[in-house]
Structures are given as structure tokens and as C-alpha cells.
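Data file: final-v1.csv. Format and content: CSV, C-alpha atoms.
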```csv
chain,number,residue,atom,x,y,z
S,1,MET,CA,-53.8,-10.5,69.5
S,2,PRO,CA,-50.9,-12.5,68.1
S,3,LEU,CA,-49.1,-11.0,65.1
S,4,THR,CA,-48.1,-13.2,62.2
S,5,SER,CA,-45.0,-11.8,60.4
S,6,ILE,CA,-43.6,-12.9,57.0
S,7,GLY,CA,-39.8,-13.1,56.9
S,8,ASP,CA,-37.8,-11.5,54.1
S,9,MET,CA,-37.1,-14.8,52.3
S,10,SER,CA,-40.8,-15.8,52.5
S,11,GLN,CA,-41.8,-12.4,51.2
S,12,HIS,CA,-39.4,-12.9,48.4
S,13,PHE,CA,-40.9,-16.2,47.4
S,14,VAL,CA,-44.5,-14.8,47.6
S,15,THR,CA,-43.5,-11.9,45.4
S,16,MET,CA,-41.9,-14.3,42.9
S,17,ARG,CA,-45.0,-16.5,42.9
S,18,HIS,CA,-47.2,-13.4,42.2
S,19,ASN,CA,-44.9,-12.4,39.4
S,20,THR,CA,-44.9,-15.8,37.8
S,21,ASP,CA,-48.6,-16.0,38.0
S,22,LEU,CA,-49.1,-12.6,36.4
S,23,LYS,CA,-46.6,-13.5,33.6
S,24,THR,CA,-48.3,-16.8,33.0
S,25,ARG,CA,-51.7,-15.1,32.7
S,26,LEU,CA,-50.2,-12.4,30.5
S,27,ASN,CA,-48.7,-15.0,28.1
S,28,ARG,CA,-51.9,-17.0,28.0
S,29,LEU,CA,-54.0,-14.0,27.2
S,30,THR,CA,-51.5,-12.7,24.6
S,31,ASN,CA,-51.5,-16.1,22.9
S,32,GLU,CA,-55.3,-16.3,23.0
S,33,LEU,CA,-55.6,-12.8,21.5
S,34,SER,CA,-53.1,-13.5,18.7
S,35,THR,CA,-54.5,-17.0,17.8
S,36,GLY,CA,-58.1,-16.4,18.6
S,37,LYS,CA,-58.3,-19.7,20.5
S,38,VAL,CA,-58.8,-20.5,24.1
S,39,GLY,CA,-55.6,-21.6,25.9
S,40,ASP,CA,-57.2,-23.7,28.6
S,41,LEU,CA,-59.9,-25.7,26.8
S,42,THR,CA,-60.8,-27.9,29.7
S,43,ARG,CA,-61.4,-24.9,31.9
S,44,HIS,CA,-63.2,-23.0,29.2
S,45,LEU,CA,-65.6,-26.0,28.5
S,46,GLY,CA,-66.3,-26.6,32.2
S,47,GLY,CA,-64.4,-29.9,32.1
S,48,ASP,CA,-66.7,-31.4,29.6
S,49,ARG,CA,-65.0,-32.0,26.2
S,50,THR,CA,-67.5,-34.6,24.9
S,51,ARG,CA,-69.0,-32.4,22.3
S,52,LEU,CA,-65.6,-31.2,21.2
S,53,ALA,CA,-64.4,-34.8,20.8
S,54,SER,CA,-67.5,-35.5,18.8
S,55,PHE,CA,-66.8,-32.7,16.4
S,56,ASP,CA,-63.2,-33.8,16.0
S,57,ARG,CA,-64.2,-37.3,15.3
S,58,SER,CA,-66.8,-36.2,12.7
S,59,LEU,CA,-64.2,-34.0,11.0
S,60,ALA,CA,-61.7,-36.8,10.9
S,61,LEU,CA,-64.2,-39.1,9.4
S,62,LEU,CA,-65.2,-36.6,6.8
S,63,GLU,CA,-61.5,-36.0,5.9
S,64,GLY,CA,-61.0,-39.8,5.5
S,65,PHE,CA,-64.1,-40.2,3.3
S,66,GLY,CA,-63.1,-37.1,1.4
S,67,ARG,CA,-59.8,-38.7,0.5
S,68,ALA,CA,-61.5,-41.9,-0.5
S,69,ALA,CA,-64.0,-39.9,-2.7
S,70,SER,CA,-61.1,-38.0,-4.3
S,71,GLU,CA,-59.2,-41.2,-5.1
S,72,ALA,CA,-62.3,-42.8,-6.5
S,73,SER,CA,-63.0,-39.7,-8.6
S,74,GLN,CA,-59.4,-39.8,-10.0
S,75,THR,CA,-59.7,-43.5,-10.7
S,76,LEU,CA,-62.9,-43.0,-12.7
S,77,SER,CA,-61.5,-40.0,-14.5
S,78,MET,CA,-58.4,-42.1,-15.6
S,79,MET,CA,-60.7,-45.0,-16.7
S,80,GLN,CA,-62.7,-42.6,-18.8
S,81,THR,CA,-59.5,-41.3,-20.4
S,82,VAL,CA,-58.3,-44.9,-21.2
S,83,LEU,CA,-61.7,-45.8,-22.7
S,84,ASP,CA,-61.5,-42.6,-24.8
S,85,GLN,CA,-58.2,-43.9,-26.1
S,86,VAL,CA,-59.6,-47.3,-26.8
S,87,ASN,CA,-62.6,-45.8,-28.7
S,88,THR,CA,-60.3,-43.6,-30.7
S,89,THR,CA,-58.1,-46.6,-31.6
S,90,ARG,CA,-61.3,-48.5,-32.6
S,91,GLY,CA,-62.4,-45.7,-34.9
S,92,LYS,CA,-59.0,-45.3,-36.6
S,93,VAL,CA,-58.6,-49.1,-37.2
S,94,ALA,CA,-62.2,-49.3,-38.6
S,95,GLU,CA,-61.3,-46.4,-41.0
S,96,GLN,CA,-58.4,-48.4,-42.3
S,97,LEU,CA,-60.3,-51.7,-42.6
S,98,LEU,CA,-63.5,-50.6,-44.3
S,99,PRO,CA,-62.0,-49.4,-47.6
S,100,VAL,CA,-60.7,-52.9,-48.3
S,101,THR,CA,-62.6,-54.8,-50.9
S,102,ALA,CA,-62.2,-57.9,-53.1
S,103,THR,CA,-60.4,-55.8,-55.6
S,104,SER,CA,-57.9,-54.3,-53.2
S,105,SER,CA,-54.2,-54.9,-53.8
S,106,PHE,CA,-52.0,-57.3,-51.8
S,107,GLU,CA,-50.3,-54.3,-50.2
S,108,GLN,CA,-53.6,-52.8,-49.1
S,109,VAL,CA,-54.8,-56.1,-47.6
S,110,THR,CA,-51.5,-56.6,-45.8
S,111,GLU,CA,-51.5,-53.1,-44.4
S,112,ALA,CA,-55.1,-53.5,-43.2
S,113,ALA,CA,-54.2,-56.8,-41.5
S,114,HIS,CA,-51.3,-55.1,-39.8
S,115,ALA,CA,-53.6,-52.3,-38.6
S,116,GLY,CA,-55.9,-54.9,-37.1
S,117,ARG,CA,-52.9,-56.5,-35.3
S,118,GLU,CA,-51.6,-53.2,-34.0
S,119,GLY,CA,-55.1,-52.1,-32.9
S,120,PHE,CA,-55.5,-55.4,-31.0
S,121,ARG,CA,-52.1,-54.8,-29.2
S,122,SER,CA,-53.0,-51.1,-28.5
S,123,VAL,CA,-56.4,-52.0,-26.9
S,124,ALA,CA,-55.0,-54.9,-24.9
S,125,LEU,CA,-52.1,-52.8,-23.5
S,126,ALA,CA,-54.5,-49.9,-22.7
S,127,MET,CA,-56.5,-52.3,-20.5
S,128,ASN,CA,-53.4,-52.7,-18.4
S,129,ALA,CA,-53.4,-49.0,-17.4
S,130,ARG,CA,-52.5,-48.3,-13.8
S,131,LEU,CA,-53.1,-45.4,-11.4
S,132,ALA,CA,-50.9,-45.1,-8.2
S,133,ASP,CA,-49.6,-48.6,-9.1
S,134,ARG,CA,-53.1,-50.1,-9.1
S,135,ALA,CA,-54.7,-51.8,-12.1
S,136,LEU,CA,-57.7,-50.0,-13.4
S,137,PHE,CA,-59.5,-52.7,-15.4
S,138,ALA,CA,-58.6,-55.9,-13.4
S,139,GLY,CA,-61.5,-55.8,-11.0
S,140,THR,CA,-60.6,-56.3,-7.4
S,141,ALA,CA,-57.2,-57.7,-8.4
S,142,THR,CA,-55.6,-54.3,-8.5
S,143,GLU,CA,-52.0,-55.5,-7.8
S,144,GLY,CA,-51.6,-57.5,-11.0
S,145,ALA,CA,-52.3,-56.9,-14.7
S,146,ALA,CA,-55.7,-57.0,-16.4
S,147,MET,CA,-54.6,-58.5,-19.7
S,148,GLY,CA,-52.1,-61.0,-20.8
S,149,ASP,CA,-49.4,-60.5,-23.5
S,150,PRO,CA,-51.2,-59.4,-26.7
S,151,ASP,CA,-48.7,-61.2,-29.0
S,152,ALA,CA,-49.2,-64.4,-27.1
S,153,MET,CA,-53.0,-64.0,-27.5
S,154,LEU,CA,-52.7,-63.5,-31.2
S,155,THR,CA,-50.5,-66.5,-31.5
S,156,ALA,CA,-53.0,-68.6,-29.6
S,157,ILE,CA,-55.9,-67.3,-31.8
S,158,ALA,CA,-54.0,-68.1,-34.9
S,159,GLY,CA,-53.4,-71.6,-33.6
S,160,ALA,CA,-57.1,-72.0,-32.9
S,161,VAL,CA,-58.0,-70.8,-36.4
S,162,ALA,CA,-55.5,-73.2,-38.0
S,163,ALA,CA,-56.8,-76.1,-35.9
S,164,SER,CA,-60.4,-75.3,-36.9
S,165,GLY,CA,-59.5,-75.9,-40.6
S,166,ALA,CA,-61.6,-72.9,-41.6
S,167,THR,CA,-61.0,-71.7,-45.2
S,168,ASP,CA,-63.6,-69.0,-45.6
S,169,ALA,CA,-64.1,-65.6,-43.8
S,170,ALA,CA,-67.1,-66.8,-41.9
S,171,GLY,CA,-65.2,-69.9,-40.6
S,172,VAL,CA,-62.2,-67.9,-39.5
S,173,ALA,CA,-64.4,-65.3,-37.8
S,174,ALA,CA,-66.3,-68.1,-36.0
S,175,ALA,CA,-63.0,-69.7,-34.8
S,176,VAL,CA,-61.8,-66.3,-33.4
S,177,GLU,CA,-65.2,-65.8,-31.6
S,178,ASP,CA,-65.0,-69.3,-30.1
S,179,TRP,CA,-61.5,-68.5,-28.7
S,180,PHE,CA,-62.9,-65.4,-27.0
S,181,GLN,CA,-66.0,-67.2,-25.7
S,182,GLN,CA,-65.0,-70.7,-24.8
S,183,PRO,CA,-63.0,-71.8,-21.7
S,184,GLY,CA,-59.3,-72.0,-22.1
S,185,GLY,CA,-59.1,-69.0,-24.5
S,186,PHE,CA,-59.6,-65.4,-23.6
S,187,ASP,CA,-60.4,-66.2,-19.9
S,188,THR,CA,-57.0,-67.9,-19.6
S,189,LEU,CA,-54.5,-66.0,-21.8
S,190,GLY,CA,-56.5,-62.8,-22.2
S,191,TYR,CA,-58.2,-61.5,-19.1
S,192,ILE,CA,-56.1,-62.4,-16.1
S,193,GLY,CA,-57.7,-60.0,-13.6
S,194,ALA,CA,-60.4,-60.9,-11.0
S,195,SER,CA,-63.7,-62.2,-12.3
S,196,GLY,CA,-65.8,-62.0,-9.1
S,197,ASP,CA,-67.9,-59.1,-7.9
S,198,PRO,CA,-66.9,-55.7,-9.2
S,199,ALA,CA,-64.6,-53.3,-7.3
S,200,ARG,CA,-66.4,-51.0,-4.9
S,201,ARG,CA,-65.2,-47.9,-3.1
S,202,ARG,CA,-66.9,-46.6,0.1
S,203,VAL,CA,-67.1,-42.8,-0.2
S,204,ASP,CA,-69.5,-42.2,2.7
S,205,PRO,CA,-70.8,-44.1,5.7
S,206,GLN,CA,-73.9,-45.0,3.8
S,207,GLN,CA,-72.7,-44.9,0.2
S,208,THR,CA,-70.4,-46.9,-2.1
S,209,VAL,CA,-69.6,-46.5,-5.8
S,210,THR,CA,-69.1,-49.4,-8.1
S,211,LEU,CA,-66.1,-49.4,-10.5
S,212,ASP,CA,-67.4,-52.1,-12.9
S,213,ALA,CA,-65.4,-51.4,-16.0
S,214,ARG,CA,-63.1,-54.4,-16.6
S,215,ALA,CA,-61.0,-55.7,-19.4
S,216,ASP,CA,-63.3,-58.7,-19.9
S,217,ASP,CA,-66.4,-56.5,-20.5
S,218,PRO,CA,-68.3,-57.6,-23.6
S,219,ALA,CA,-67.7,-54.2,-25.2
S,220,ILE,CA,-63.9,-54.7,-24.9
S,221,ARG,CA,-64.1,-58.3,-26.1
S,222,GLU,CA,-66.0,-57.1,-29.1
S,223,ILE,CA,-63.3,-54.7,-30.1
S,224,LEU,CA,-60.6,-57.2,-29.5
S,225,THR,CA,-62.4,-59.9,-31.4
S,226,ALA,CA,-62.9,-57.6,-34.4
S,227,SER,CA,-59.3,-56.6,-34.4
S,228,ALA,CA,-58.1,-60.2,-34.1
S,229,ILE,CA,-60.3,-61.2,-37.0
S,230,ALA,CA,-58.5,-58.6,-39.2
S,231,ALA,CA,-55.1,-59.7,-37.9
S,232,MET,CA,-55.8,-63.3,-38.9
S,233,ALA,CA,-55.7,-62.2,-42.6
S,234,GLU,CA,-51.9,-62.2,-42.3
S,235,ALA,CA,-51.3,-64.4,-39.2
S,236,PRO,CA,-48.5,-67.0,-39.2
S,237,GLY,CA,-49.9,-70.4,-39.8
S,238,VAL,CA,-53.1,-69.2,-41.4
S,239,THR,CA,-53.2,-69.5,-45.2
S,240,LEU,CA,-56.1,-67.8,-47.0
S,241,PRO,CA,-56.7,-66.6,-50.5
S,242,THR,CA,-56.6,-62.8,-51.1
S,243,ASP,CA,-60.3,-62.5,-51.6
S,244,THR,CA,-61.0,-64.3,-48.3
S,245,LYS,CA,-58.5,-62.0,-46.5
S,246,ALA,CA,-60.3,-59.0,-48.0
S,247,ALA,CA,-63.7,-60.3,-46.8
S,248,LEU,CA,-62.3,-61.0,-43.4
S,249,ILE,CA,-60.9,-57.5,-43.1
S,250,ARG,CA,-64.2,-56.0,-44.3
S,251,ASP,CA,-66.1,-58.0,-41.7
S,252,ALA,CA,-63.7,-56.9,-39.0
S,253,GLY,CA,-64.2,-53.2,-40.0
S,254,GLU,CA,-67.9,-53.4,-39.9
S,255,ARG,CA,-67.7,-55.0,-36.4
S,256,LEU,CA,-65.4,-52.3,-35.2
S,257,LEU,CA,-67.8,-49.6,-36.6
S,258,THR,CA,-70.6,-50.7,-34.3
S,259,ALA,CA,-68.5,-51.7,-31.3
S,260,GLY,CA,-68.2,-48.1,-30.1
S,261,GLN,CA,-71.7,-48.3,-28.6
S,262,GLY,CA,-70.6,-50.7,-26.0
S,263,VAL,CA,-67.7,-48.5,-25.0
S,264,VAL,CA,-70.1,-45.5,-24.7
S,265,GLY,CA,-72.2,-47.7,-22.4
S,266,ILE,CA,-69.3,-48.4,-20.1
S,267,GLN,CA,-68.5,-44.7,-20.0
S,268,SER,CA,-72.1,-43.9,-19.2
S,269,ARG,CA,-72.0,-46.2,-16.2
S,270,LEU,CA,-68.7,-44.6,-15.0
S,271,GLY,CA,-70.2,-41.2,-15.5
S,272,THR,CA,-73.1,-42.0,-13.2
S,273,ALA,CA,-70.6,-43.1,-10.6
S,274,GLU,CA,-68.7,-39.8,-11.1
S,275,ALA,CA,-71.9,-37.8,-10.6
S,276,ARG,CA,-72.6,-39.7,-7.3
S,277,ILE,CA,-69.1,-38.9,-6.1
S,278,ALA,CA,-69.5,-35.3,-6.9
S,279,GLU,CA,-72.7,-35.1,-4.9
S,280,VAL,CA,-71.1,-36.9,-2.0
S,281,ALA,CA,-68.1,-34.5,-2.1
S,282,GLN,CA,-70.4,-31.5,-2.1
S,283,SER,CA,-72.2,-33.0,1.0
S,284,HIS,CA,-68.9,-33.6,2.7
S,285,THR,CA,-67.9,-30.0,2.1
S,286,SER,CA,-71.1,-28.7,3.5
S,287,GLN,CA,-70.9,-30.9,6.6
S,288,ARG,CA,-67.2,-30.0,7.1
S,289,THR,CA,-68.0,-26.3,7.0
S,290,THR,CA,-70.8,-26.7,9.5
S,291,PHE,CA,-68.8,-28.8,12.0
S,292,THR,CA,-65.8,-26.5,11.7
S,293,LEU,CA,-67.8,-23.4,12.5
S,294,MET,CA,-69.5,-25.1,15.4
S,295,ARG,CA,-66.1,-26.3,16.7
S,296,ASN,CA,-64.6,-22.9,16.3
S,297,ASP,CA,-67.4,-21.4,18.4
S,298,MET,CA,-66.4,-23.8,21.2
S,299,VAL,CA,-62.7,-23.1,21.2
S,300,SER,CA,-62.5,-19.5,20.1
S,301,ALA,CA,-61.7,-16.8,22.6
S,302,ASP,CA,-63.8,-13.7,22.6
S,303,PRO,CA,-61.5,-10.9,21.4
S,304,TYR,CA,-63.1,-8.1,23.4
S,305,ASP,CA,-63.1,-10.1,26.7
S,306,THR,CA,-59.6,-11.3,26.1
S,307,ALA,CA,-58.3,-7.8,25.3
S,308,THR,CA,-60.0,-6.4,28.5
S,309,ALA,CA,-58.5,-9.2,30.6
S,310,LEU,CA,-55.1,-8.6,29.0
S,311,GLN,CA,-55.2,-4.9,29.8
S,312,ALA,CA,-56.2,-5.7,33.4
S,313,VAL,CA,-53.3,-8.1,33.8
S,314,GLN,CA,-50.9,-5.6,32.3
S,315,ILE,CA,-52.0,-3.0,34.9
S,316,GLN,CA,-51.6,-5.6,37.7
S,317,LEU,CA,-48.1,-6.5,36.5
S,318,GLU,CA,-47.0,-2.9,36.3
S,319,THR,CA,-48.4,-2.2,39.8
S,320,HIS,CA,-46.6,-5.4,41.0
S,321,TYR,CA,-43.3,-4.2,39.6
S,322,THR,CA,-43.8,-0.7,41.1
S,323,LEU,CA,-44.6,-2.1,44.6
S,324,THR,CA,-41.7,-4.5,44.3
S,325,SER,CA,-39.4,-1.7,43.5
S,326,ARG,CA,-40.5,0.4,46.4
S,327,LEU,CA,-40.4,-2.5,48.9
S,328,SER,CA,-36.8,-3.3,47.7
S,329,ARG,CA,-35.7,0.2,48.9
S,330,LEU,CA,-37.1,-0.1,52.4
S,331,SER,CA,-34.6,-0.2,55.3
S,332,LEU,CA,-34.4,0.7,59.0
S,333,THR,CA,-32.5,3.9,58.1
S,334,GLU,CA,-35.2,5.0,55.7
S,335,TYR,CA,-37.8,4.1,58.3
S,336,LEU,CA,-36.1,6.1,61.1
S,337,ARG,CA,-35.9,9.2,58.9
```
What's the C-alpha cells form of this structure?
Amino acid sequence: MPLTSIGDMSQHFVTMRHNTDLKTRLNRLTNELSTGKVGDLTRHLGGDRTRLASFDRSLALLEGFGRAASEASQTLSMMQTVLDQVNTTRGKVAEQLLPVTATSSFEQVTEAAHAGREGFRSVALAMNARLADRALFAGTATEGAAMGDPDAMLTAIAGAVAASGATDAAGVAAAVEDWFQQPGGFDTLGYIGASGDPARRRVDPQQTVTLDARADDPAIREILTASAIAAMAEAPGVTLPTDTKAALIRDAGERLLTAGQGVVGIQSRLGTAEARIAEVAQSHTSQRTTFTLMRNDMVSADPYDTATALQAVQIQLETHYTLTSRLSRLSLTEYLR
């Protein structure tokens, strides 16, 4: 029977290979025990990573839609804040206009007209609010502004009033309303955002939310119209007697008093969208938790089995070192003894 012998150098390489293999297994098991995750996923899953890839894709989609929902929620929240400011301005200006009567002094009338002008400017500028450098009330045209320059608008309105030849409060108010309603007025110098379909945000594969609050909303027009009517009492180029100015300001105050209902209507629509986003976000959280748990079950290493295997490898490695040490001391002299 032929004998097959292994030379010293071959034996050395075999020993090194065993040593490396044991160390590799030891490191892998140590890492699995410390992280709680399987080191070789392909081997652990039997070569089929389809389900794992499906979970990863679902989690990535949920993360993306989660960010979209969060951004939409922040946008709606900021829009609500701006509308609160607009409504507060409306109320304060109305309080300054309503006390004016035919017997009010010139200073009171002038001050009220100035309040109407400043209220107009404040509301117009508020409509240009931005979040993350995107316009909130310009519809889908988020890169530009929603409203034009308020002073330029007031100048144009004053020109329209002067051109109409109105000399009484009703005529002036009608001229202001015409500027806001007819082409070439508010739709040219006032609202400069998009006028098509409202902006929509997809927050789920099956759901979108509509952000339909724009600066050209009838409720915002109503506030701007009322404020502009008051401002016309002291507008350059518009000459009116004091009693007509007082009547104009009183009319503007009454309009502002009732205009708040329209703003509340906008906020109600936005609130409905916020509620939908909250529901979607809760659903996302639930799905993400479920998918994460299922994925963890697939990639997690059993701590008991891993600890047992680690202990076995440690014993093997210790035995390997012991044998290697004994073999290294073998020699012909030792054998002959």
C-alpha cells in the first residue's frame, strides 16, 4: 500500500490555512454576536435574497413618501400661520376703520386711510411668504413671487379711480372692485403666480393632497379690495370731500369685518389636508415598523446558536494552537529518545 507523505513546507501551509479559517470564523461569529446580524446573508438566506430586496424597496419608498408627507405638512402649517397673520391684520385694520363717521376729524380720516394702505401692503407682502425658497401662495409657480409690488398696485388702483371720474363713495368702491375683477388689473399687476390647476403633493402611492390656497383666492381679494377702498380716501390723484372719504372708510371697515369668514374657509380646507397627511403619516409609521421587524427576522443572528458556535470555534482554535505548538517541537532527536 503506497504511503502519501506531506512535506514540512506543505504541512506549514496546511496549518496556516486551518489557522486562517478558524480566525475568519471566529471574527464572523464575534461580529454576529455583537451586532446581532448575520454576516453572510446570501448563505443564511439560501441564496435567495428576493424577499429581503422587497422589504428594502418598501422601506425606501416609505422613507421617501414620509419625507414628502413631512414637507407637505410643514408647508400647510406655514400657510396656516400666514393666514392667521392676514386675518389678524384684517381685524386690526377693521377696528381702526369702523369708528370713522361723517363727523370724524381730518386727522382721524387721514389716519384711517393710512391704516387701510398699510393693511393692504401687509396682506400683499404676507402672500409672498416662502418656505425653503418656495412660494407658498403662488400655486404651482413656486419659484417666483405670488404678488406684485403693493405700492405699484395702489398707484394703478388710484389711476383707475381717477379715470372713472367717481365722486361718491359708491362710485369709488365700484372702480376699485372693477380693478380687481376685470382683466388687466389684479390679474396682471396683483397676482403673478400660476393660475392653472392647484398644487398637489403625492404623500402615498395612492394619495395626494391639494394645496389650493393661493393669493388670488376670492377671500384674499376681498380683504385687499376693502383695504384698497380705504386707502383711496387719501390716494394721490383722487380728490374727495371729507364726508365722502369718511363714508368710503366706513364701507371698507364693514367689508373687512365680514371678510374673515373667507379666510376661515381657506384654513378649513388646509386643515382637512393636514388631517389627511397625519393619517397617512401614521399609516407609514405602522407599515415601516412591520417591514422593519420582518426584515430584522430575516437578517438577525440567533444569539444562542451564535454563542454556541463561537465557543466551539474558540475551543477548536485553542486546540489548533496546542497541536501546532507540540508539532513544532518534534525532531529526530526527540523521536529517538
With all atoms listed in the file as the atoms that count, which of S:Glu143, S:Asp151, S:Glu107, S:Glu254 lies nearest to Ser122 of chain S?
->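 Under the stated criterion, the closest residue is S:Asp151.
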Residues within 6 Å of segment 230-234 of chain S, all atoms listed in the file, excluding chain neighbours under 5 positions, as JSON, numbers by chain = {"S": [113, 116, 117, 245, 249, 252]}
Kindly give the distance, in Å, that separates atom CA of Ser105 of chain S and atom CA of Pro241 of chain S, rounded to a single decimal.
->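 Atom CA of Ser105 of chain S sits 12.4 Å away from atom CA of Pro241 of chain S.
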Closest of S:Gly119, S:Ala126, S:Ser77, S:Arg202 to Ala226 of chain S - atom-to-atom distances counting all atoms listed in the file =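 Looking only at the distances to Ala226 of chain S, the closest residue turns out to be S:Gly119.
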Which residues come within 8 Å of Leu257 of chain S, counting all atoms listed in the file, excluding same-chain residues fewer than 6 positions away, as a list in words?
-> Arg90, Gly91 and Ala94 of chain S
Please report, as CSV, each residue of segment 168-215 of chain S lying at most 9 Å from segment 45-69 of chain S, together with the nearest pair of atoms and the separation in Å rounded to one decimal; use all atoms listed in the file, and order rows by chain and ascending residue number.
```
residue,atom,partner,partner_atom,distance
S:Arg201,CA,S:Ala68,CA,7.5
S:Arg202,CA,S:Ala68,CA,7.2
S:Val203,CA,S:Ala69,CA,4.9
S:Asp204,CA,S:Phe65,CA,5.8
S:Pro205,CA,S:Phe65,CA,8.1
```
So which residues fall inside 10 Å of (-59.3, -53.8, -13.9) if we count only C-alpha atoms? Mind giving them as a PyMOL selection string?
-> chain S and resi 79+127-130+134-147+191-195+198-199+211-216
Of the candidates S:Thr101, S:Thr239, S:Ser268, S:Thr89, which one gets nearest to Gly159 of chain S if we count only C-alpha atoms?
->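 Residue with the minimum atom-to-atom distance to Gly159 of chain S: S:Thr239.
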Please indicate the distance in Å from atom CA of Val82 of chain S to atom CA of Asp149 of chain S, rounded to one decimal place.
-> 18.1 Å
Of the candidates S:Ala112, S:Thr167, S:Val263, S:Trp179, which shows the shortest atom-to-atom distance to Val100 of chain S, using only C-alpha atoms?
-> S:Ala112
Point-to-point distance in Å for atom CA of Pro183 of chain S and atom CA of Asp251 of chain S |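 Atom-to-atom, atom CA of Asp251 of chain S to atom CA of Pro183 of chain S, that is 24.5 Å.
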